[in-house]
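Here's the structure we're looking at; comments come further down.
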Amino acid sequence: NWKKTFYQYKYSKAVMLLSKLFIPITKDLPAEAKIKSHQLMLRTGMIRQSSAGIYSWLPLGFKIMKKIEKIVKEEQNNIGAQEMLMPTIQSADIWKESGRYDDYGEEMLRISDRQNREMLYGPTNEEQITEIFRSSIKSYKLLPQILYHIQWKFRDELRPRFGVMRCREFYMKDAYSFDLSENDAILSYNKMFYAYLKTFQRLGLKSIPMKAETGPIGGDLSHEFVILADTGESKIYTDKRIFNVPIDKYKSDESSLKKMRNDFSKFYAVTDNKFKAEDFDKNVRKSDQLQTKGIEVGHIFYFGDKYSKSMNCSVDSRDGKKTFVKMGSYGIGVSRLVAAIIEAKYVNEKMKWPISVSPFDVVIIPAVNKNDKSNMTKALKIYKELKKKGIDVLLDDAEDNIANKFKKHDLLGIPFQIIVGSKATKDKFEFKEIDKKSQMLNLNKIIKLLKN
């Protein structure tokens, strides 16, 4: 009977079997990969390098990245930002208008079309969005506006390294705010500050907002959102008490947002380009000083009328006068976050994806061999019940010993496992969360835990 059941499901399109998935796992550690995220993403077949700093995203990695994108979108929408889509290729004319075409440097990939028009592969979109806004909005009555898109970017890094952490082509959310006054613009800035904290919290990351330089984007107000990691390229200096600021107590109204910024600003937190030893010692007692490394996962800027002036982007104010709009820009590296989560979560040669972005909610691991696949029959029944409840489940149907299966799934990092082996009974199965002890539970209890 189990043979008939097994082969019915083996060739059914409806069952998510490990053997059907394109997950080219490799045993050997890639020589070119120096950090955990790069190693793991190559070993588990999440990405494949196409050329220096450019990668193909294979099904496993792409699924995780799209889950991150969904959370980023939801938190942008929650503060009233509106999604759009701008092209990857931009005209050089608008960059010359802003004055950045020659200033940006060799990271910009400059090209010409067949009419010899100068074009570029966009490294960012301040000019493009300003051109769109100035041709569309003429009155203060349509302000404020926050527009965002998620699009591929290209920056021709001199030395791309660390996999998708510092590559040339990357997937990025960039948002842009337009306001009539500086006070209104600071409110937009605070909304985005809040949205970033909520986004990283949902991704299972503890991010620290740190004062930072604005770089080639310009402006005089900037925060990097950094997560702690030994492999981080940023040196950070902070008061450890900043980790205790409770994000969940804030709301998206103006007074709460102002309090949020004030609460975080009480604690010294800067990246190395803003660091001054005397300020650190003056503002942070020795017992609370933390000097470490971190990974930048988001960056927000307020630059006032830097682009609106140079590109003549103005609206009619309440008194009928032309006023240059006040602008900010806000970036999150969506593809970079896949690697950042790995760096933050990889412990003792095991990976555990946060539930919010895991490629699957749970994996069923039956102990099987060539002569007896009766455990597979039990596993298939569990699979069907979980699917009925809307749980995203993977079934490992490989003919391999159970120890090898565990090693493989420690790499893949699906947070929950149902093990159908010698301990299983008619009503109970071994249920395990990675890095925790297993427990024998009936299927209803397992479903309840997975749905929560």
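Residues are named by chain letter and number: chains run A, B, ... in the order of the structure tokens, numbers start at 1 in each chain, and ligands are numbered from 1 in the order shown.
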
What are the closest atom pairs, with distances in Å to one decimal, for all residues of stretch 202-272 of chain A lying within 9 Å of stretch 327-345 of chain A? Consider only C-alpha atoms, order rows by chain and residue number, and present the result as CSV.
residue,atom,partner,partner_atom,distance
A:Leu203,CA,A:Ile341,CA,7.9
A:Gly204,CA,A:Ile341,CA,8.0
A:Leu205,CA,A:Ile341,CA,7.3
A:Ile217,CA,A:Ser329,CA,8.6
A:Gly219,CA,A:Gly328,CA,8.6
A:Ile227,CA,A:Ala344,CA,7.7
A:Leu228,CA,A:Ala344,CA,7.3
A:Ala229,CA,A:Ala344,CA,6.2
A:Asp230,CA,A:Glu343,CA,8.3
A:Thr231,CA,A:Glu343,CA,7.5
A:Gly232,CA,A:Glu343,CA,8.9

Extract the full set of strand (DSSP E or B) residues from stretch 238-425 of chain A according to DSSP on the backbone, and format it as a count of residues only. 52

Å distance separating atom CA of A:Asn125 from atom CA of A:Met210, one decimal place: 23.2 Å

Residues flagged alpha helix (DSSP H) by DSSP in stretch 48-189 of chain A, as a VMD selection string: chain A and resid 59 to 78 92 to 98 126 to 134 182 to 189

Might you pull out every residue within 10 Å of A:Ser265, with only C-alpha atoms counted and same-chain residues fewer than 6 positions away left off, and present them as a list in words? Pro209, Met210, Lys211, Ile242 and Lys259 of chain A

Find the residues near A:Phe406: any atom within 12 Å, counting only C-alpha atoms, skip ones fewer than 2 places away on the same chain, and give them as number ranges by chain. A: 350-351, 363-367, 396, 398, 400-404, 408-414, 416-419, 432, 434-435

Residues within 6 Å of A:Val393, only C-alpha atoms, excluding chain neighbours under 5 positions, as a list of chain:residue names: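 Result of the neighbour search: A:Phe360, A:Asp361, A:Val362, A:Val363.
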